[in-house]
$ cat query_9.cif   # mmCIF, C-alpha atoms
data_protein
#
loop_
_atom_site.label_atom_id
_atom_site.label_comp_id
_atom_site.auth_asym_id
_atom_site.auth_seq_id
_atom_site.Cartn_x
_atom_site.Cartn_y
_atom_site.Cartn_z
CA MET A 3 171.82 128.38 154.82
CA LYS A 4 173.78 127.44 157.93
CA ILE A 5 175.85 130.04 159.77
CA THR A 6 178.59 129.24 162.29
CA VAL A 7 179.86 131.91 164.67
CA ILE A 8 183.33 131.34 166.12
CA GLN A 9 184.18 132.62 169.61
CA GLN A 10 187.96 132.83 169.99
CA ASP A 11 190.54 133.58 172.67
CA ILE A 12 192.93 135.82 170.70
CA ALA A 13 196.65 135.69 171.49
CA TRP A 14 198.00 139.24 171.67
CA LYS A 15 199.89 140.22 168.47
CA ASP A 16 200.69 136.56 167.75
CA VAL A 17 199.53 135.76 164.22
CA ALA A 18 201.04 132.27 164.11
CA THR A 19 199.31 131.13 167.31
CA ASN A 20 195.99 132.64 166.27
CA ILE A 21 196.07 130.98 162.86
CA LYS A 22 196.45 127.59 164.54
CA ARG A 23 193.54 128.38 166.87
CA LEU A 24 191.33 129.50 164.00
CA GLU A 25 191.96 126.33 162.03
CA ARG A 26 191.25 124.15 165.08
CA LEU A 27 188.05 126.04 165.94
CA VAL A 28 186.71 125.61 162.42
CA ALA A 29 187.59 121.91 162.43
CA ASN A 30 185.69 121.43 165.72
CA ALA A 31 182.64 123.45 164.64
CA SER A 32 179.52 122.18 162.91
CA HIS A 33 179.74 122.38 159.14
CA ALA A 34 178.15 125.52 157.73
CA ASP A 35 177.76 127.61 154.59
CA LEU A 36 179.36 130.62 156.27
CA TYR A 37 181.76 131.09 159.20
CA LEU A 38 182.14 134.37 161.11
CA PHE A 39 185.15 135.31 163.29
CA PRO A 40 185.86 138.05 165.91
CA GLU A 41 187.40 141.45 165.15
CA MET A 42 191.14 141.41 164.36
CA CYS A 43 191.14 137.67 165.04
CA SER A 44 194.82 137.17 164.15
CA THR A 45 196.27 139.95 166.36
CA GLY A 46 193.77 141.23 168.89
CA PHE A 47 192.44 144.81 168.89
CA CYS A 48 195.90 146.32 168.69
CA MET A 49 196.75 149.99 168.10
CA GLN A 50 200.40 149.19 167.27
CA PRO A 51 200.08 147.65 163.81
CA GLN A 52 203.71 147.99 162.76
CA GLY A 53 205.15 144.54 162.24
CA VAL A 54 201.90 142.64 162.87
CA ALA A 55 199.45 144.03 160.29
CA GLU A 56 199.12 141.65 157.36
CA ASP A 57 199.25 142.33 153.65
CA VAL A 58 196.10 141.77 151.59
CA ASP A 59 197.24 138.20 150.96
CA GLY A 60 198.77 137.56 154.37
CA GLU A 61 198.82 134.33 156.35
CA THR A 62 195.30 134.67 157.75
CA VAL A 63 193.76 135.29 154.35
CA LYS A 64 195.74 132.39 152.88
CA LEU A 65 194.42 130.10 155.61
CA MET A 66 190.85 131.22 155.04
CA LYS A 67 191.13 130.69 151.30
CA ARG A 68 192.22 127.13 151.96
CA LEU A 69 189.48 126.52 154.52
CA ALA A 70 186.84 127.97 152.18
CA VAL A 71 187.77 125.35 149.60
CA GLU A 72 188.12 122.54 152.15
CA TYR A 73 184.72 123.21 153.75
CA ASP A 74 182.98 124.56 150.63
CA ALA A 75 181.93 127.61 152.60
CA ALA A 76 182.32 131.37 152.92
CA MET A 77 184.74 132.71 155.55
CA VAL A 78 184.06 136.18 156.97
CA VAL A 79 187.28 137.12 158.71
CA PRO A 80 188.41 140.52 160.10
CA VAL A 81 192.16 141.11 159.79
CA MET A 82 194.40 144.06 160.63
CA THR A 83 195.54 144.92 157.10
CA HIS A 84 198.35 146.99 155.61
CA GLU A 85 197.81 148.29 152.08
CA GLY A 86 199.21 151.23 150.15
CA GLY A 87 200.98 152.71 153.16
CA LYS A 88 197.79 152.71 155.28
CA TYR A 89 196.31 150.44 157.93
CA TYR A 90 192.75 149.12 157.85
CA ASN A 91 190.50 147.21 160.24
CA ARG A 92 189.29 145.04 157.37
CA MET A 93 186.78 142.23 157.04
CA TYR A 94 187.32 139.80 154.17
CA PHE A 95 184.53 137.85 152.47
CA ILE A 96 186.19 134.69 151.13
CA THR A 97 184.50 131.87 149.21
CA PRO A 98 185.98 128.79 147.49
CA ASP A 99 186.62 131.11 144.52
CA GLY A 100 188.77 133.46 146.59
CA VAL A 101 188.25 136.94 148.07
CA GLN A 102 184.86 138.16 146.86
CA GLY A 103 184.70 141.38 148.82
CA THR A 104 186.03 143.45 151.71
CA TYR A 105 184.63 145.85 154.28
CA ASP A 106 186.80 148.40 156.08
CA LYS A 107 185.43 149.47 159.47
CA HIS A 108 183.67 152.78 158.96
CA ASN A 109 183.06 154.00 162.51
CA LEU A 110 186.45 153.93 164.22
CA PHE A 111 186.62 153.87 168.04
CA GLU A 112 188.10 157.24 169.01
CA TYR A 113 188.39 156.34 172.71
CA SER A 114 191.10 153.77 171.90
CA GLY A 115 192.80 156.00 169.33
CA GLU A 116 191.73 153.72 166.49
CA ASP A 117 190.91 156.76 164.34
CA LYS A 118 194.52 157.96 164.68
CA VAL A 119 195.98 154.67 163.39
CA PHE A 120 193.52 153.19 160.92
CA THR A 121 191.84 154.56 157.80
CA PRO A 122 188.03 154.36 157.83
CA GLY A 123 186.12 152.59 155.10
CA ALA A 124 183.80 154.38 152.70
CA GLY A 125 180.62 152.92 154.19
CA LYS A 126 177.93 150.38 153.39
CA VAL A 127 178.74 147.03 151.79
CA ILE A 128 176.34 144.20 150.87
CA TRP A 129 177.46 140.65 150.04
CA GLU A 130 175.39 137.78 148.67
CA TRP A 131 176.11 134.09 149.18
CA ARG A 132 173.90 131.18 148.23
CA GLY A 133 170.81 133.33 147.90
CA VAL A 134 171.23 135.22 151.19
CA ARG A 135 172.25 138.88 151.49
CA PHE A 136 174.69 139.97 154.20
CA ARG A 137 175.61 143.35 155.69
CA PRO A 138 179.02 143.36 157.44
CA ALA A 139 179.81 145.50 160.49
CA ILE A 140 182.70 145.68 162.94
CA CYS A 141 182.39 146.36 166.68
CA TYR A 142 181.81 150.13 167.17
CA ASP A 143 179.63 150.17 164.02
CA LEU A 144 177.04 148.45 166.22
CA ARG A 145 176.36 151.76 168.02
CA PHE A 146 175.22 153.55 164.84
CA PRO A 147 171.66 152.43 164.00
CA VAL A 148 171.21 154.87 161.11
CA PHE A 149 174.41 153.58 159.52
CA LEU A 150 173.13 150.00 159.72
CA TYR A 151 169.49 150.73 158.85
CA ASN A 152 168.06 148.05 156.57
CA ARG A 153 166.39 149.52 153.51
CA ALA A 154 165.28 146.11 152.23
CA GLU A 155 168.92 145.46 151.30
CA TYR A 156 170.03 142.59 153.52
CA ASP A 157 168.79 139.50 155.36
CA VAL A 158 171.60 138.97 157.88
CA LEU A 159 173.72 141.47 159.81
CA LEU A 160 177.21 140.07 160.48
CA ILE A 161 179.00 141.66 163.43
CA SER A 162 182.59 140.97 164.50
CA ALA A 163 183.77 142.55 167.73
CA ASN A 164 186.17 142.99 170.65
CA PHE A 165 183.58 144.11 173.23
CA PRO A 166 185.08 143.95 176.78
CA ASP A 167 183.35 142.81 179.96
CA SER A 168 182.80 146.41 181.05
CA ARG A 169 180.42 146.95 178.12
CA MET A 170 178.64 143.57 178.01
CA LEU A 171 175.26 145.07 178.83
CA ALA A 172 175.64 147.40 175.85
CA TRP A 173 176.68 144.49 173.62
CA ASP A 174 173.75 142.28 174.63
CA THR A 175 171.29 145.15 174.22
CA LEU A 176 172.60 146.55 170.95
CA VAL A 177 172.81 143.27 169.01
CA ARG A 178 169.19 142.54 169.93
CA ALA A 179 168.08 146.06 169.03
CA ARG A 180 169.74 145.85 165.61
CA ALA A 181 167.90 142.58 164.89
CA ILE A 182 164.50 143.93 165.89
CA GLU A 183 164.69 147.34 164.24
CA ASN A 184 166.12 146.01 160.96
CA ILE A 185 163.89 142.90 160.81
CA CYS A 186 166.91 140.73 160.09
CA TYR A 187 168.91 137.86 161.49
CA VAL A 188 171.98 138.92 163.47
CA ALA A 189 175.13 136.80 163.75
CA ALA A 190 177.56 138.37 166.21
CA SER A 191 181.06 137.10 167.03
CA ASN A 192 182.88 138.50 170.05
CA ARG A 193 186.19 137.36 171.51
CA VAL A 194 187.01 135.83 174.89
CA GLY A 195 190.19 135.92 176.95
CA ALA A 196 192.23 138.95 178.00
CA ASP A 197 194.59 141.56 176.58
CA GLU A 198 196.19 144.79 177.79
CA TYR A 199 192.81 146.55 177.60
CA GLY A 200 190.76 144.14 179.72
CA THR A 201 188.89 140.84 179.78
CA TYR A 202 186.24 139.44 177.44
CA LYS A 203 183.25 137.18 178.11
CA GLY A 204 182.26 136.68 174.50
CA HIS A 205 178.46 136.42 174.48
CA SER A 206 178.65 135.56 170.77
CA VAL A 207 175.12 135.00 169.56
CA ILE A 208 172.78 134.36 166.65
CA LEU A 209 169.42 136.15 166.88
CA SER A 210 166.16 135.89 164.98
CA PRO A 211 164.62 138.95 163.28
CA TYR A 212 162.36 139.25 166.35
CA GLY A 213 165.33 139.40 168.72
CA LYS A 214 164.99 135.82 169.96
CA THR A 215 168.22 134.05 170.89
CA LEU A 216 168.66 131.10 168.54
CA ALA A 217 172.09 130.10 169.84
CA ARG A 218 174.69 131.56 172.18
CA CYS A 219 178.28 130.61 173.00
CA ARG A 220 179.27 129.73 176.54
CA SER A 221 180.64 132.69 178.47
CA ARG A 222 184.45 132.98 178.60
CA ARG A 223 184.94 129.79 176.56
CA GLN A 224 186.30 129.30 173.06
CA GLY A 225 183.85 127.49 170.84
CA SER A 226 181.19 127.94 168.20
CA ILE A 227 177.47 127.97 167.53
CA THR A 228 175.61 127.04 164.36
CA VAL A 229 172.11 127.92 163.20
CA GLU A 230 170.24 127.03 160.04
CA LEU A 231 168.33 130.04 158.72
CA ASP A 232 164.71 129.66 157.68
CA ASN A 233 164.43 130.34 153.93
CA GLU A 234 160.69 130.98 154.22
CA MET A 235 161.38 133.50 156.96
CA ILE A 236 163.93 135.27 154.78
CA ALA A 237 161.39 135.57 151.95
CA LYS A 238 158.85 136.97 154.42
CA LEU A 239 161.39 139.43 155.80
CA ARG A 240 162.12 140.81 152.35
CA VAL A 241 158.46 141.71 151.92
CA MET A 242 158.31 143.27 155.40
CA THR A 243 161.45 145.37 154.89
CA MET A 244 160.14 146.57 151.54
CA LEU A 245 156.97 147.77 153.29
CA ASN A 246 159.07 149.57 155.90
CA LYS A 247 161.47 151.08 153.36
#
$ encode --input "query_9.cif" --output "structure tokens"
Amino acid sequence: MKITVIQQDIAWKDVATNIKRLERLVANASHADLYLFPEMCSTGFCMQPQGVAEDVDGETVKLMKRLAVEYDAAMVVPVMTHEGGKYYNRMYFITPDGVQGTYDKHNLFEYSGEDKVFTPGAGKVIWEWRGVRFRPAICYDLRFPVFLYNRAEYDVLLISANFPDSRMLAWDTLVRARAIENICYVAASNRVGADEYGTYKGHSVILSPYGKTLARCRSRRQGSITVELDNEMIAKLRVMTMLNK
């Protein structure tokens, strides 16, 4: 199982520009079984969703469906979504067979007013792809260890985020803590660039279950990293997490 993490400079509320960037970043990345993108990768972390939030089969999802077929891979893509008169900070799990699952951000970031605009998801979701189990999480979810606690349910924690420079120490610390305490791989995608809230270094990373950095994106640069997971390690982890259950 190969995982590619995409680190993207997100154009503010510009879906068309971001779609082009996403397609180019995937084309330039190493081929993988699964690709992970930053939070709200087609709009930026925007609290004004009117006119920019996408329907459940919007342009970003359409692109990812096509790329999933083209690259024979799963695309894990967070999109600001409008459905049934409500807005969601939603992560889509898309394979060559289409959308296989979704996760709506559960822990909304009150400081930004996200809880006033978006509807929270019900909670825990587990996806499986090519024999590996994944737990999705979005940005502020990272600060809730009990919410993400691994009860022998998943092998990889997937985190998409818009963590700004001012909280980089927290980002670097928390992603490593989640790997160690849950005895799981962590793949974490954070944006770069700037928006009306601040600037972003990225620090997108893939960590081992012992917290070791396996790959890390260059600071403040668009790009990607790819790691091949150790199947023997995953089998070992499942035994260890069962013992810690």
$ atom_distance --input "query_9.cif" --atom1 "CA of Gln224 in chain A" --atom2 "CA of Ser210 in chain A"
22.7 Å
$ resolve_selection --input "query_9.cif" --expression "the PyMOL selection byres ((chain A and resi 204) around 6)" --output "list in words"
Asn192, Arg193, Val194, Tyr202, Lys203, His205, Ser206, Ser221 and Arg222 of chain A
$ resolve_selection --input "query_9.cif" --expression "the PyMOL selection byres ((chain A and resi 67-79) around 8)" --output "ChimeraX atom specification"
/A:25,33-41,43,63-66,80-81,93-101,131
$ write_last_selection --input "query_9.cif" --atoms "C-alpha atoms" --output "CSV table (one decimal), in the frame of the given file"
chain,number,residue,atom,x,y,z
A,25,GLU,CA,192.0,126.3,162.0
A,33,HIS,CA,179.7,122.4,159.1
A,34,ALA,CA,178.2,125.5,157.7
A,35,ASP,CA,177.8,127.6,154.6
A,36,LEU,CA,179.4,130.6,156.3
A,37,TYR,CA,181.8,131.1,159.2
A,38,LEU,CA,182.1,134.4,161.1
A,39,PHE,CA,185.2,135.3,163.3
A,40,PRO,CA,185.9,138.0,165.9
A,41,GLU,CA,187.4,141.4,165.2
A,43,CYS,CA,191.1,137.7,165.0
A,63,VAL,CA,193.8,135.3,154.4
A,64,LYS,CA,195.7,132.4,152.9
A,65,LEU,CA,194.4,130.1,155.6
A,66,MET,CA,190.8,131.2,155.0
A,80,PRO,CA,188.4,140.5,160.1
A,81,VAL,CA,192.2,141.1,159.8
A,93,MET,CA,186.8,142.2,157.0
A,94,TYR,CA,187.3,139.8,154.2
A,95,PHE,CA,184.5,137.8,152.5
A,96,ILE,CA,186.2,134.7,151.1
A,97,THR,CA,184.5,131.9,149.2
A,98,PRO,CA,186.0,128.8,147.5
A,99,ASP,CA,186.6,131.1,144.5
A,100,GLY,CA,188.8,133.5,146.6
A,101,VAL,CA,188.2,136.9,148.1
A,131,TRP,CA,176.1,134.1,149.2
$ atom_distance --input "query_9.cif" --atom1 "CA of Asn184 in chain A" --atom2 "CA of Gly125 in chain A"
17.4 Å
$ residues_near_point --input "query_9.cif" --point "(157.7, 141.6, 155.1)" --cutoff "12 Å" --atoms "only C-alpha atoms" --output "number ranges by chain"
A: 153-154, 157, 184-186, 211, 234-247
$ write_last_selection --input "query_9.cif" --atoms "C-alpha atoms" --output "compact mmCIF listing (two decimals), in the frame of the given file"
# COMPACT_ATOMS: atom_id res chain seq x y z
CA ARG A 153 166.39 149.52 153.51
CA ALA A 154 165.28 146.11 152.23
CA ASP A 157 168.79 139.50 155.36
CA ASN A 184 166.12 146.01 160.96
CA ILE A 185 163.89 142.90 160.81
CA CYS A 186 166.91 140.73 160.09
CA PRO A 211 164.62 138.95 163.28
CA GLU A 234 160.69 130.98 154.22
CA MET A 235 161.38 133.50 156.96
CA ILE A 236 163.93 135.27 154.78
CA ALA A 237 161.39 135.57 151.95
CA LYS A 238 158.85 136.97 154.42
CA LEU A 239 161.39 139.43 155.80
CA ARG A 240 162.12 140.81 152.35
CA VAL A 241 158.46 141.71 151.92
CA MET A 242 158.31 143.27 155.40
CA THR A 243 161.45 145.37 154.89
CA MET A 244 160.14 146.57 151.54
CA LEU A 245 156.97 147.77 153.29
CA ASN A 246 159.07 149.57 155.90
CA LYS A 247 161.47 151.08 153.36
$ closest_residue --input "query_9.cif" --among "A:Glu85, A:Glu183, A:Glu112, A:Glu230" --to "Tyr212 in chain A" --atoms "only C-alpha atoms"
A:Glu183
$ atom_distance --input "query_9.cif" --atom1 "CA of Ser162 in chain A" --atom2 "CA of Thr201 in chain A"
16.5 Å
$ build_atoms --input "query_9.cif" --residues "range 162-179 of chain A" --atoms "N, CA and C atoms" --output "compact mmCIF listing (two decimals), keeping the file's coordinate frame"
# COMPACT_ATOMS: atom_id res chain seq x y z
N SER A 162 181.38 141.48 163.85
CA SER A 162 182.59 140.97 164.50
C SER A 162 183.06 142.01 165.50
N ALA A 163 183.50 141.55 166.69
CA ALA A 163 183.77 142.55 167.73
C ALA A 163 184.85 142.12 168.70
N ASN A 164 185.34 143.14 169.45
CA ASN A 164 186.17 142.99 170.65
C ASN A 164 185.50 143.82 171.75
N PHE A 165 184.31 143.41 172.18
CA PHE A 165 183.58 144.11 173.23
C PHE A 165 184.02 143.58 174.59
N PRO A 166 184.58 144.42 175.48
CA PRO A 166 185.08 143.95 176.78
C PRO A 166 183.96 143.73 177.79
N ASP A 167 184.31 143.09 178.90
CA ASP A 167 183.35 142.81 179.96
C ASP A 167 182.64 144.07 180.44
N SER A 168 183.36 145.18 180.51
CA SER A 168 182.80 146.41 181.05
C SER A 168 181.64 146.95 180.22
N ARG A 169 181.50 146.47 178.98
CA ARG A 169 180.42 146.95 178.12
C ARG A 169 179.53 145.79 177.62
N MET A 170 179.45 144.71 178.41
CA MET A 170 178.64 143.57 178.01
C MET A 170 177.16 143.88 177.95
N LEU A 171 176.67 144.70 178.86
CA LEU A 171 175.26 145.07 178.83
C LEU A 171 174.93 145.79 177.53
N ALA A 172 175.83 146.69 177.11
CA ALA A 172 175.64 147.40 175.85
C ALA A 172 175.65 146.41 174.68
N TRP A 173 176.60 145.49 174.69
CA TRP A 173 176.68 144.49 173.62
C TRP A 173 175.39 143.68 173.52
N ASP A 174 174.94 143.11 174.64
CA ASP A 174 173.75 142.28 174.63
C ASP A 174 172.52 143.06 174.17
N THR A 175 172.45 144.32 174.57
CA THR A 175 171.29 145.15 174.22
C THR A 175 171.32 145.57 172.75
N LEU A 176 172.49 146.00 172.30
CA LEU A 176 172.60 146.55 170.95
C LEU A 176 172.42 145.49 169.86
N VAL A 177 172.98 144.29 170.06
CA VAL A 177 172.81 143.27 169.01
C VAL A 177 171.33 142.91 168.87
N ARG A 178 170.62 142.86 170.00
CA ARG A 178 169.19 142.54 169.93
C ARG A 178 168.40 143.68 169.29
N ALA A 179 168.77 144.91 169.63
CA ALA A 179 168.08 146.06 169.03
C ALA A 179 168.27 146.10 167.52
